[in-house]
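Below is one structure; the comments refer to it alone.
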Amino acid sequence: GGLLRVDLYPALADPGAYVGLLVTELLLIIPFTCGALVIAAILLRRPDHAGRTYALNLSASALGGLCSPLLLNVLEPDRALLIPTAMAGLGGLVMMGRSTLSGRRITLLLLGLTGLAAVLPTGIRPSSHKDLARMQMLPDAHVSSSVPNAHGVFQVVEAPGLRLNVALSLDYPDPLPRIQAACVNGDAVHALIVPPCEPARIYAQTPEGILPALIPPGPVWLFDPETSLPIAAWSRLDPFRVTTTVGHPRLKQLLSREFVEVAFTQTRPRAFLQTVSGSASLIRLPSPGPYVGSPGLGVLNEQPLFTSEGLAAAHDRLHPGGILVVTVAIDHPLRIAPRLLQTLKSGLSRTGTEQPETSVVALQSWSTLT
């Protein structure tokens, strides 16, 4: 919200987006410059205590850095920005007795504006290119839950038109179940299936439904699944022990309450491979998205697992006869699948696999490749 919006998503196509960024940076120079001048004035006033004063300044800055994640766990980002403003005003209030009349007026004005901003309704409007903004355009869409967190603002969006989007067999006759979309900082990260439905029956009608018959009993690792469908399906199969990685603590809480028999861990898939012991019968990789790599704005959601080194590390953690599986969307013209297949081939070559192309099987549906 606000009078000035900064949206870098269209910047590659519209250089005019940089104007808002430049104005924002110029506005941010003002408080930083004033703060630097105050610190310089304090140091020059008592040069004999400059070392002690500077040490106190650095210690307070370090304390602020430690407290910031704690504040972001209880305050929305726009509210958290008021904390340093209020601290500056309180500092001026303490020194008010020694300040001039104009200094007192400025201090009281600053505190008044901070208090006014604290009580006024606020809200950060997501970019129109964010998943959250697009979903809010659906009929009767609303944000049913919004939780601040240092890992990103976690929001759940509900709408009658939000339905599970998976590749299903033409033999599946029932309506697709409704979902609740979990978003982090406006980006959709997980689709929570709304009951009643039969996840195991739905999963059996997807290309991945054949996997339980192909792998030996053992652990199943699900890396950042985009929906709760594979979690629900694999958790109901007795010979398999399911471990799932998630990237946000709030999502971990929600899924842990729904699937008590599944072990959830909050970490990145690549870090999980480096820290966990043992091996798995099945490793399901997250959907790589439109870039597979991380060019341009893709760096905001970097996935280091989709490198030849990351895929080789995942392959090395498989049981004999185990399967590494990933499902990608089919785009036009084809870009995602060929790039991923080449990366898989390079990763298998690192494991010493001869003729790695003979170790890859692709199952194509109407809109996905598994």
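Chain labels A, B, ... are given in the sequence in which chains occur in the structure tokens; within each chain residues are numbered consecutively from 1, and ligands are likewise numbered from 1 in the order shown.
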Using DSSP on the backbone, list every residue of range 150-336 of chain A that comes out as strand (DSSP E or B), and give them as an NGL selection string.
:A and (154-158 or 163 or 178-184 or 187-193 or 218-223 or 227 or 240-246 or 263-266 or 280-284 or 318-325 or 328-329)
I'd like to know which of A:Val147, A:Leu108, A:Ala312, A:Ala191 is closest to Gly352 in chain A, using only C-alpha atoms.
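Going through A:Val147, A:Leu108, A:Ala312, A:Ala191 one by one, the smallest distance to Gly352 in chain A is for A:Ala312.
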Would you list the contacts of range 58-60 of chain A as JSON, numbers by chain, taking every protein, DNA or RNA residue within 12 Å and counting only C-alpha atoms, but skipping same-chain residues closer than 5 positions in sequence?
{"A": [39, 51, 52, 53, 65, 66, 67, 84, 87]}
For a quick check of understanding, using only C-alpha atoms, which of A:Leu348, A:Met135, A:Val143, A:Ala329 has the smallest distance to Leu369 in chain A?
A:Ala329
Can you list, as a PyMOL selection string, every residue of range 196-271 of chain A that DSSP puts in alpha helix (DSSP H)?
chain A and resi 199-204+229-235+249-258+269-271
Based on the selection just made, write N, CA, C and O atoms of those residues as a compact mmCIF listing (two decimals), in the first residue's frame.
# COMPACT_ATOMS: atom_id res chain seq x y z
N PRO A 199 -7.22 -38.93 -1.00
CA PRO A 199 -5.92 -38.62 -1.60
C PRO A 199 -5.26 -39.83 -2.26
O PRO A 199 -4.67 -39.71 -3.34
N ALA A 200 -5.34 -40.99 -1.62
CA ALA A 200 -4.69 -42.17 -2.18
C ALA A 200 -5.31 -42.54 -3.53
O ALA A 200 -4.60 -42.93 -4.47
N ARG A 201 -6.61 -42.41 -3.63
CA ARG A 201 -7.29 -42.74 -4.89
C ARG A 201 -6.93 -41.74 -5.99
O ARG A 201 -6.72 -42.11 -7.14
N ILE A 202 -6.84 -40.45 -5.61
CA ILE A 202 -6.46 -39.44 -6.59
C ILE A 202 -5.02 -39.65 -7.04
O ILE A 202 -4.70 -39.61 -8.23
N TYR A 203 -4.13 -39.91 -6.09
CA TYR A 203 -2.71 -40.08 -6.41
C TYR A 203 -2.49 -41.28 -7.32
O TYR A 203 -1.61 -41.27 -8.20
N ALA A 204 -3.29 -42.33 -7.12
CA ALA A 204 -3.16 -43.53 -7.95
C ALA A 204 -3.52 -43.25 -9.41
O ALA A 204 -3.11 -44.01 -10.30
N LEU A 229 -1.00 -33.78 -1.49
CA LEU A 229 -1.47 -35.04 -2.07
C LEU A 229 -0.44 -36.16 -1.91
O LEU A 229 -0.80 -37.24 -1.42
N PRO A 230 0.83 -36.00 -2.31
CA PRO A 230 1.77 -37.11 -2.13
C PRO A 230 2.02 -37.45 -0.66
O PRO A 230 2.25 -38.61 -0.32
N ILE A 231 1.95 -36.45 0.21
CA ILE A 231 2.13 -36.74 1.64
C ILE A 231 1.00 -37.64 2.14
O ILE A 231 1.24 -38.65 2.82
N ALA A 232 -0.23 -37.27 1.81
CA ALA A 232 -1.38 -38.06 2.25
C ALA A 232 -1.36 -39.46 1.65
O ALA A 232 -1.68 -40.44 2.33
N ALA A 233 -0.96 -39.57 0.38
CA ALA A 233 -0.97 -40.88 -0.28
C ALA A 233 0.10 -41.80 0.28
O ALA A 233 -0.18 -42.95 0.63
N TRP A 234 1.34 -41.34 0.37
CA TRP A 234 2.43 -42.19 0.84
C TRP A 234 2.30 -42.52 2.33
O TRP A 234 2.73 -43.59 2.77
N SER A 235 1.71 -41.62 3.11
CA SER A 235 1.58 -41.88 4.55
C SER A 235 0.61 -43.02 4.84
O SER A 235 0.63 -43.59 5.93
N PRO A 249 8.33 -22.60 8.96
CA PRO A 249 7.88 -23.23 10.21
C PRO A 249 6.38 -23.30 10.37
O PRO A 249 5.85 -24.26 10.94
N ARG A 250 5.65 -22.31 9.86
CA ARG A 250 4.18 -22.33 9.98
C ARG A 250 3.59 -23.45 9.15
O ARG A 250 2.66 -24.14 9.59
N LEU A 251 4.14 -23.67 7.96
CA LEU A 251 3.67 -24.78 7.13
C LEU A 251 3.97 -26.11 7.80
O LEU A 251 3.15 -27.04 7.75
N LYS A 252 5.11 -26.21 8.44
CA LYS A 252 5.44 -27.43 9.17
C LYS A 252 4.43 -27.70 10.28
O LYS A 252 4.00 -28.84 10.48
N GLN A 253 4.01 -26.65 10.98
CA GLN A 253 3.01 -26.82 12.05
C GLN A 253 1.68 -27.32 11.49
O GLN A 253 1.07 -28.25 12.05
N LEU A 254 1.23 -26.72 10.40
CA LEU A 254 -0.05 -27.12 9.82
C LEU A 254 -0.02 -28.57 9.36
O LEU A 254 -0.95 -29.35 9.62
N LEU A 255 1.04 -28.96 8.64
CA LEU A 255 1.11 -30.32 8.11
C LEU A 255 1.34 -31.34 9.22
O LEU A 255 0.83 -32.47 9.13
N SER A 256 2.09 -30.98 10.25
CA SER A 256 2.35 -31.92 11.34
C SER A 256 1.08 -32.26 12.09
O SER A 256 0.91 -33.40 12.56
N ARG A 257 0.17 -31.30 12.21
CA ARG A 257 -1.10 -31.59 12.89
C ARG A 257 -2.00 -32.49 12.04
O ARG A 257 -2.76 -33.29 12.59
N GLU A 258 -1.89 -32.37 10.72
CA GLU A 258 -2.75 -33.17 9.85
C GLU A 258 -2.20 -34.56 9.59
O GLU A 258 -2.95 -35.53 9.51
N PRO A 269 16.19 -29.00 0.79
CA PRO A 269 16.49 -30.39 0.38
C PRO A 269 17.98 -30.67 0.29
O PRO A 269 18.45 -31.74 0.71
N ARG A 270 18.76 -29.75 -0.25
CA ARG A 270 20.20 -29.97 -0.38
C ARG A 270 20.86 -30.11 1.00
O ARG A 270 21.73 -30.96 1.21
N ALA A 271 20.42 -29.27 1.95
CA ALA A 271 20.95 -29.37 3.31
C ALA A 271 20.52 -30.67 3.97
O ALA A 271 21.29 -31.28 4.74
With the cut-off set at 12 Å and counting only C-alpha atoms, tabulate each residue of range 255-342 of chain A with an atom at most that distance from an atom of range 211-224 of chain A, showing the nearest atom pair and its distance in Å to one decimal, ordered by chain and increasing number, as JSON lines.
{"residue": "A:Leu255", "atom": "CA", "partner": "A:Asp224", "partner_atom": "CA", "distance": 11.9}
{"residue": "A:Val262", "atom": "CA", "partner": "A:Val220", "partner_atom": "CA", "distance": 10.1}
{"residue": "A:Ala263", "atom": "CA", "partner": "A:Trp221", "partner_atom": "CA", "distance": 9.7}
{"residue": "A:Phe264", "atom": "CA", "partner": "A:Leu222", "partner_atom": "CA", "distance": 9.6}
{"residue": "A:Thr265", "atom": "CA", "partner": "A:Phe223", "partner_atom": "CA", "distance": 9.9}
{"residue": "A:Gln266", "atom": "CA", "partner": "A:Asp224", "partner_atom": "CA", "distance": 9.5}
{"residue": "A:Thr267", "atom": "CA", "partner": "A:Asp224", "partner_atom": "CA", "distance": 9.2}
{"residue": "A:Arg268", "atom": "CA", "partner": "A:Asp224", "partner_atom": "CA", "distance": 8.1}
{"residue": "A:Pro269", "atom": "CA", "partner": "A:Phe223", "partner_atom": "CA", "distance": 5.8}
{"residue": "A:Arg270", "atom": "CA", "partner": "A:Phe223", "partner_atom": "CA", "distance": 9.3}
{"residue": "A:Ala271", "atom": "CA", "partner": "A:Phe223", "partner_atom": "CA", "distance": 11.0}
{"residue": "A:Phe272", "atom": "CA", "partner": "A:Phe223", "partner_atom": "CA", "distance": 9.1}
{"residue": "A:Leu273", "atom": "CA", "partner": "A:Trp221", "partner_atom": "CA", "distance": 10.1}
{"residue": "A:Val276", "atom": "CA", "partner": "A:Trp221", "partner_atom": "CA", "distance": 11.0}
{"residue": "A:Ser277", "atom": "CA", "partner": "A:Pro219", "partner_atom": "CA", "distance": 11.6}
{"residue": "A:Gly278", "atom": "CA", "partner": "A:Pro219", "partner_atom": "CA", "distance": 9.1}
{"residue": "A:Ser279", "atom": "CA", "partner": "A:Pro219", "partner_atom": "CA", "distance": 7.3}
{"residue": "A:Ala280", "atom": "CA", "partner": "A:Pro219", "partner_atom": "CA", "distance": 4.7}
{"residue": "A:Ser281", "atom": "CA", "partner": "A:Gly218", "partner_atom": "CA", "distance": 5.4}
{"residue": "A:Leu282", "atom": "CA", "partner": "A:Val220", "partner_atom": "CA", "distance": 4.9}
{"residue": "A:Ile283", "atom": "CA", "partner": "A:Trp221", "partner_atom": "CA", "distance": 4.8}
{"residue": "A:Arg284", "atom": "CA", "partner": "A:Leu222", "partner_atom": "CA", "distance": 4.9}
{"residue": "A:Leu285", "atom": "CA", "partner": "A:Phe223", "partner_atom": "CA", "distance": 5.2}
{"residue": "A:Pro286", "atom": "CA", "partner": "A:Asp224", "partner_atom": "CA", "distance": 5.4}
{"residue": "A:Ser287", "atom": "CA", "partner": "A:Asp224", "partner_atom": "CA", "distance": 8.4}
{"residue": "A:Pro288", "atom": "CA", "partner": "A:Asp224", "partner_atom": "CA", "distance": 10.4}
{"residue": "A:Gln303", "atom": "CA", "partner": "A:Asp224", "partner_atom": "CA", "distance": 10.6}
{"residue": "A:Leu305", "atom": "CA", "partner": "A:Phe223", "partner_atom": "CA", "distance": 9.9}
{"residue": "A:Ala314", "atom": "CA", "partner": "A:Trp221", "partner_atom": "CA", "distance": 10.3}
{"residue": "A:Arg317", "atom": "CA", "partner": "A:Trp221", "partner_atom": "CA", "distance": 10.3}
{"residue": "A:Leu318", "atom": "CA", "partner": "A:Pro219", "partner_atom": "CA", "distance": 9.6}
{"residue": "A:His319", "atom": "CA", "partner": "A:Pro216", "partner_atom": "CA", "distance": 8.3}
{"residue": "A:Pro320", "atom": "CA", "partner": "A:Pro216", "partner_atom": "CA", "distance": 8.6}
{"residue": "A:Gly321", "atom": "CA", "partner": "A:Ile215", "partner_atom": "CA", "distance": 6.4}
{"residue": "A:Gly322", "atom": "CA", "partner": "A:Ile215", "partner_atom": "CA", "distance": 5.8}
{"residue": "A:Ile323", "atom": "CA", "partner": "A:Ile215", "partner_atom": "CA", "distance": 6.9}
{"residue": "A:Leu324", "atom": "CA", "partner": "A:Trp221", "partner_atom": "CA", "distance": 9.8}
{"residue": "A:Val325", "atom": "CA", "partner": "A:Leu211", "partner_atom": "CA", "distance": 9.1}
{"residue": "A:Val326", "atom": "CA", "partner": "A:Phe223", "partner_atom": "CA", "distance": 9.9}
Can you write just those residues out, C-alpha atoms, as a PDB file, in the first residue's frame?
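Listed below is the output, result-v4.pdb:
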ATOM      1  CA  LEU A 255       1.115 -30.316   8.110  1.00  0.00           C
ATOM      2  CA  VAL A 262       4.900 -38.271   8.891  1.00  0.00           C
ATOM      3  CA  ALA A 263       8.244 -36.838  10.011  1.00  0.00           C
ATOM      4  CA  PHE A 264       8.549 -33.192   8.968  1.00  0.00           C
ATOM      5  CA  THR A 265      11.786 -31.233   8.991  1.00  0.00           C
ATOM      6  CA  GLN A 266      12.250 -27.562   8.224  1.00  0.00           C
ATOM      7  CA  THR A 267      15.283 -27.391   5.958  1.00  0.00           C
ATOM      8  CA  ARG A 268      16.322 -27.096   2.341  1.00  0.00           C
ATOM      9  CA  PRO A 269      16.495 -30.386   0.378  1.00  0.00           C
ATOM     10  CA  ARG A 270      20.205 -29.972  -0.379  1.00  0.00           C
ATOM     11  CA  ALA A 271      20.949 -29.366   3.312  1.00  0.00           C
ATOM     12  CA  PHE A 272      18.828 -32.399   4.228  1.00  0.00           C
ATOM     13  CA  LEU A 273      20.941 -34.624   1.979  1.00  0.00           C
ATOM     14  CA  VAL A 276      20.715 -36.914   7.326  1.00  0.00           C
ATOM     15  CA  SER A 277      22.110 -40.437   7.458  1.00  0.00           C
ATOM     16  CA  GLY A 278      20.824 -43.494   5.632  1.00  0.00           C
ATOM     17  CA  SER A 279      19.206 -43.890   2.253  1.00  0.00           C
ATOM     18  CA  ALA A 280      15.733 -43.991   0.734  1.00  0.00           C
ATOM     19  CA  SER A 281      13.682 -46.143  -1.615  1.00  0.00           C
ATOM     20  CA  LEU A 282      12.156 -43.043  -3.183  1.00  0.00           C
ATOM     21  CA  ILE A 283      13.253 -39.415  -3.316  1.00  0.00           C
ATOM     22  CA  ARG A 284      10.640 -37.067  -4.723  1.00  0.00           C
ATOM     23  CA  LEU A 285      12.133 -33.779  -5.860  1.00  0.00           C
ATOM     24  CA  PRO A 286      10.199 -30.496  -5.769  1.00  0.00           C
ATOM     25  CA  SER A 287       8.799 -29.045  -8.949  1.00  0.00           C
ATOM     26  CA  PRO A 288      11.649 -26.958 -10.395  1.00  0.00           C
ATOM     27  CA  GLN A 303      16.787 -24.196  -5.617  1.00  0.00           C
ATOM     28  CA  LEU A 305      19.118 -29.093  -5.702  1.00  0.00           C
ATOM     29  CA  ALA A 314      20.318 -37.252  -4.294  1.00  0.00           C
ATOM     30  CA  ARG A 317      21.260 -41.654  -1.290  1.00  0.00           C
ATOM     31  CA  LEU A 318      18.982 -44.157  -3.039  1.00  0.00           C
ATOM     32  CA  HIS A 319      18.575 -47.812  -2.055  1.00  0.00           C
ATOM     33  CA  PRO A 320      19.494 -50.336  -4.754  1.00  0.00           C
ATOM     34  CA  GLY A 321      16.430 -50.293  -6.989  1.00  0.00           C
ATOM     35  CA  GLY A 322      15.351 -46.919  -5.612  1.00  0.00           C
ATOM     36  CA  ILE A 323      13.842 -44.171  -7.738  1.00  0.00           C
ATOM     37  CA  LEU A 324      14.467 -40.446  -8.046  1.00  0.00           C
ATOM     38  CA  VAL A 325      11.279 -38.773  -9.301  1.00  0.00           C
ATOM     39  CA  VAL A 326      10.367 -35.244 -10.359  1.00  0.00           C
TER      40      VAL A 326
END
Ala337 in chain A: which residues within 10 Å, counting only C-alpha atoms, same-chain residues fewer than 4 positions away excluded, as a PDB file with N, CA, C and O atoms, in the first residue's frame?
ATOM      1  N   PRO A 288      10.578 -27.953 -10.236  1.00  0.00           N
ATOM      2  CA  PRO A 288      11.649 -26.958 -10.395  1.00  0.00           C
ATOM      3  C   PRO A 288      11.193 -25.592 -10.851  1.00  0.00           C
ATOM      4  O   PRO A 288      11.981 -24.661 -10.858  1.00  0.00           O
ATOM      5  N   PRO A 290       9.707 -22.635 -13.654  1.00  0.00           N
ATOM      6  CA  PRO A 290       9.901 -22.360 -15.076  1.00  0.00           C
ATOM      7  C   PRO A 290      11.351 -22.230 -15.511  1.00  0.00           C
ATOM      8  O   PRO A 290      11.638 -22.257 -16.690  1.00  0.00           O
ATOM      9  N   VAL A 292      14.268 -23.900 -13.833  1.00  0.00           N
ATOM     10  CA  VAL A 292      15.141 -24.982 -13.391  1.00  0.00           C
ATOM     11  C   VAL A 292      16.353 -24.398 -12.668  1.00  0.00           C
ATOM     12  O   VAL A 292      16.648 -24.748 -11.543  1.00  0.00           O
ATOM     13  N   THR A 327       8.363 -34.185 -11.185  1.00  0.00           N
ATOM     14  CA  THR A 327       7.311 -33.862 -12.153  1.00  0.00           C
ATOM     15  C   THR A 327       7.413 -32.387 -12.526  1.00  0.00           C
ATOM     16  O   THR A 327       7.476 -31.529 -11.642  1.00  0.00           O
ATOM     17  N   VAL A 328       7.447 -32.121 -13.831  1.00  0.00           N
ATOM     18  CA  VAL A 328       7.563 -30.743 -14.316  1.00  0.00           C
ATOM     19  C   VAL A 328       6.418 -30.459 -15.271  1.00  0.00           C
ATOM     20  O   VAL A 328       5.845 -31.371 -15.875  1.00  0.00           O
ATOM     21  N   ALA A 329       6.085 -29.185 -15.395  1.00  0.00           N
ATOM     22  CA  ALA A 329       5.054 -28.764 -16.333  1.00  0.00           C
ATOM     23  C   ALA A 329       5.628 -28.746 -17.746  1.00  0.00           C
ATOM     24  O   ALA A 329       6.807 -28.444 -17.952  1.00  0.00           O
ATOM     25  N   ILE A 330       4.793 -29.071 -18.710  1.00  0.00           N
ATOM     26  CA  ILE A 330       5.188 -29.002 -20.121  1.00  0.00           C
ATOM     27  C   ILE A 330       4.866 -27.606 -20.629  1.00  0.00           C
ATOM     28  O   ILE A 330       3.710 -27.200 -20.670  1.00  0.00           O
ATOM     29  N   ASP A 331       5.915 -26.854 -20.981  1.00  0.00           N
ATOM     30  CA  ASP A 331       5.710 -25.515 -21.496  1.00  0.00           C
ATOM     31  C   ASP A 331       5.879 -25.519 -23.013  1.00  0.00           C
ATOM     32  O   ASP A 331       6.354 -26.485 -23.600  1.00  0.00           O
ATOM     33  N   LEU A 341      16.300 -32.676 -18.142  1.00  0.00           N
ATOM     34  CA  LEU A 341      16.845 -33.959 -18.591  1.00  0.00           C
ATOM     35  C   LEU A 341      18.358 -33.869 -18.798  1.00  0.00           C
ATOM     36  O   LEU A 341      19.094 -34.802 -18.452  1.00  0.00           O
ATOM     37  N   GLN A 342      18.825 -32.765 -19.334  1.00  0.00           N
ATOM     38  CA  GLN A 342      20.262 -32.593 -19.523  1.00  0.00           C
ATOM     39  C   GLN A 342      20.984 -32.505 -18.181  1.00  0.00           C
ATOM     40  O   GLN A 342      22.082 -33.061 -18.006  1.00  0.00           O
ATOM     41  N   THR A 343      20.357 -31.826 -17.212  1.00  0.00           N
ATOM     42  CA  THR A 343      20.959 -31.733 -15.887  1.00  0.00           C
ATOM     43  C   THR A 343      20.974 -33.099 -15.210  1.00  0.00           C
ATOM     44  O   THR A 343      21.949 -33.457 -14.531  1.00  0.00           O
ATOM     45  N   ALA A 362      10.589 -41.358 -18.778  1.00  0.00           N
ATOM     46  CA  ALA A 362       9.700 -40.189 -18.774  1.00  0.00           C
ATOM     47  C   ALA A 362       8.266 -40.627 -19.057  1.00  0.00           C
ATOM     48  O   ALA A 362       8.014 -41.350 -20.023  1.00  0.00           O
ATOM     49  N   THR A 368       2.017 -32.459 -17.977  1.00  0.00           N
ATOM     50  CA  THR A 368       3.213 -32.633 -17.150  1.00  0.00           C
ATOM     51  C   THR A 368       4.071 -33.756 -17.711  1.00  0.00           C
ATOM     52  O   THR A 368       3.631 -34.592 -18.515  1.00  0.00           O
ATOM     53  N   LEU A 369       5.316 -33.768 -17.258  1.00  0.00           N
ATOM     54  CA  LEU A 369       6.256 -34.832 -17.582  1.00  0.00           C
ATOM     55  C   LEU A 369       6.856 -35.308 -16.273  1.00  0.00           C
ATOM     56  O   LEU A 369       7.397 -34.516 -15.499  1.00  0.00           O
ATOM     57  N   THR A 370       6.754 -36.611 -16.012  1.00  0.00           N
ATOM     58  CA  THR A 370       7.263 -37.189 -14.767  1.00  0.00           C
ATOM     59  C   THR A 370       8.468 -38.063 -15.075  1.00  0.00           C
ATOM     60  O   THR A 370       8.408 -38.903 -15.983  1.00  0.00           O
TER      61      THR A 370
END
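Proximity to Phe306 in chain A was assessed for A:Ser346, A:Thr245, A:Ser102, A:Thr351 counting only C-alpha atoms; the smallest distance is recorded for A:Ser346.
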Measure the distance from CA of Leu164 in chain A to CA of Leu176 in chain A in Å and round it to one decimal.
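One can read the CA of Leu164 in chain A to CA of Leu176 in chain A distance as 5.9 Å.
Between CA of Cys197 in chain A and CA of Ile179 in chain A the separation is 10.8 Å.
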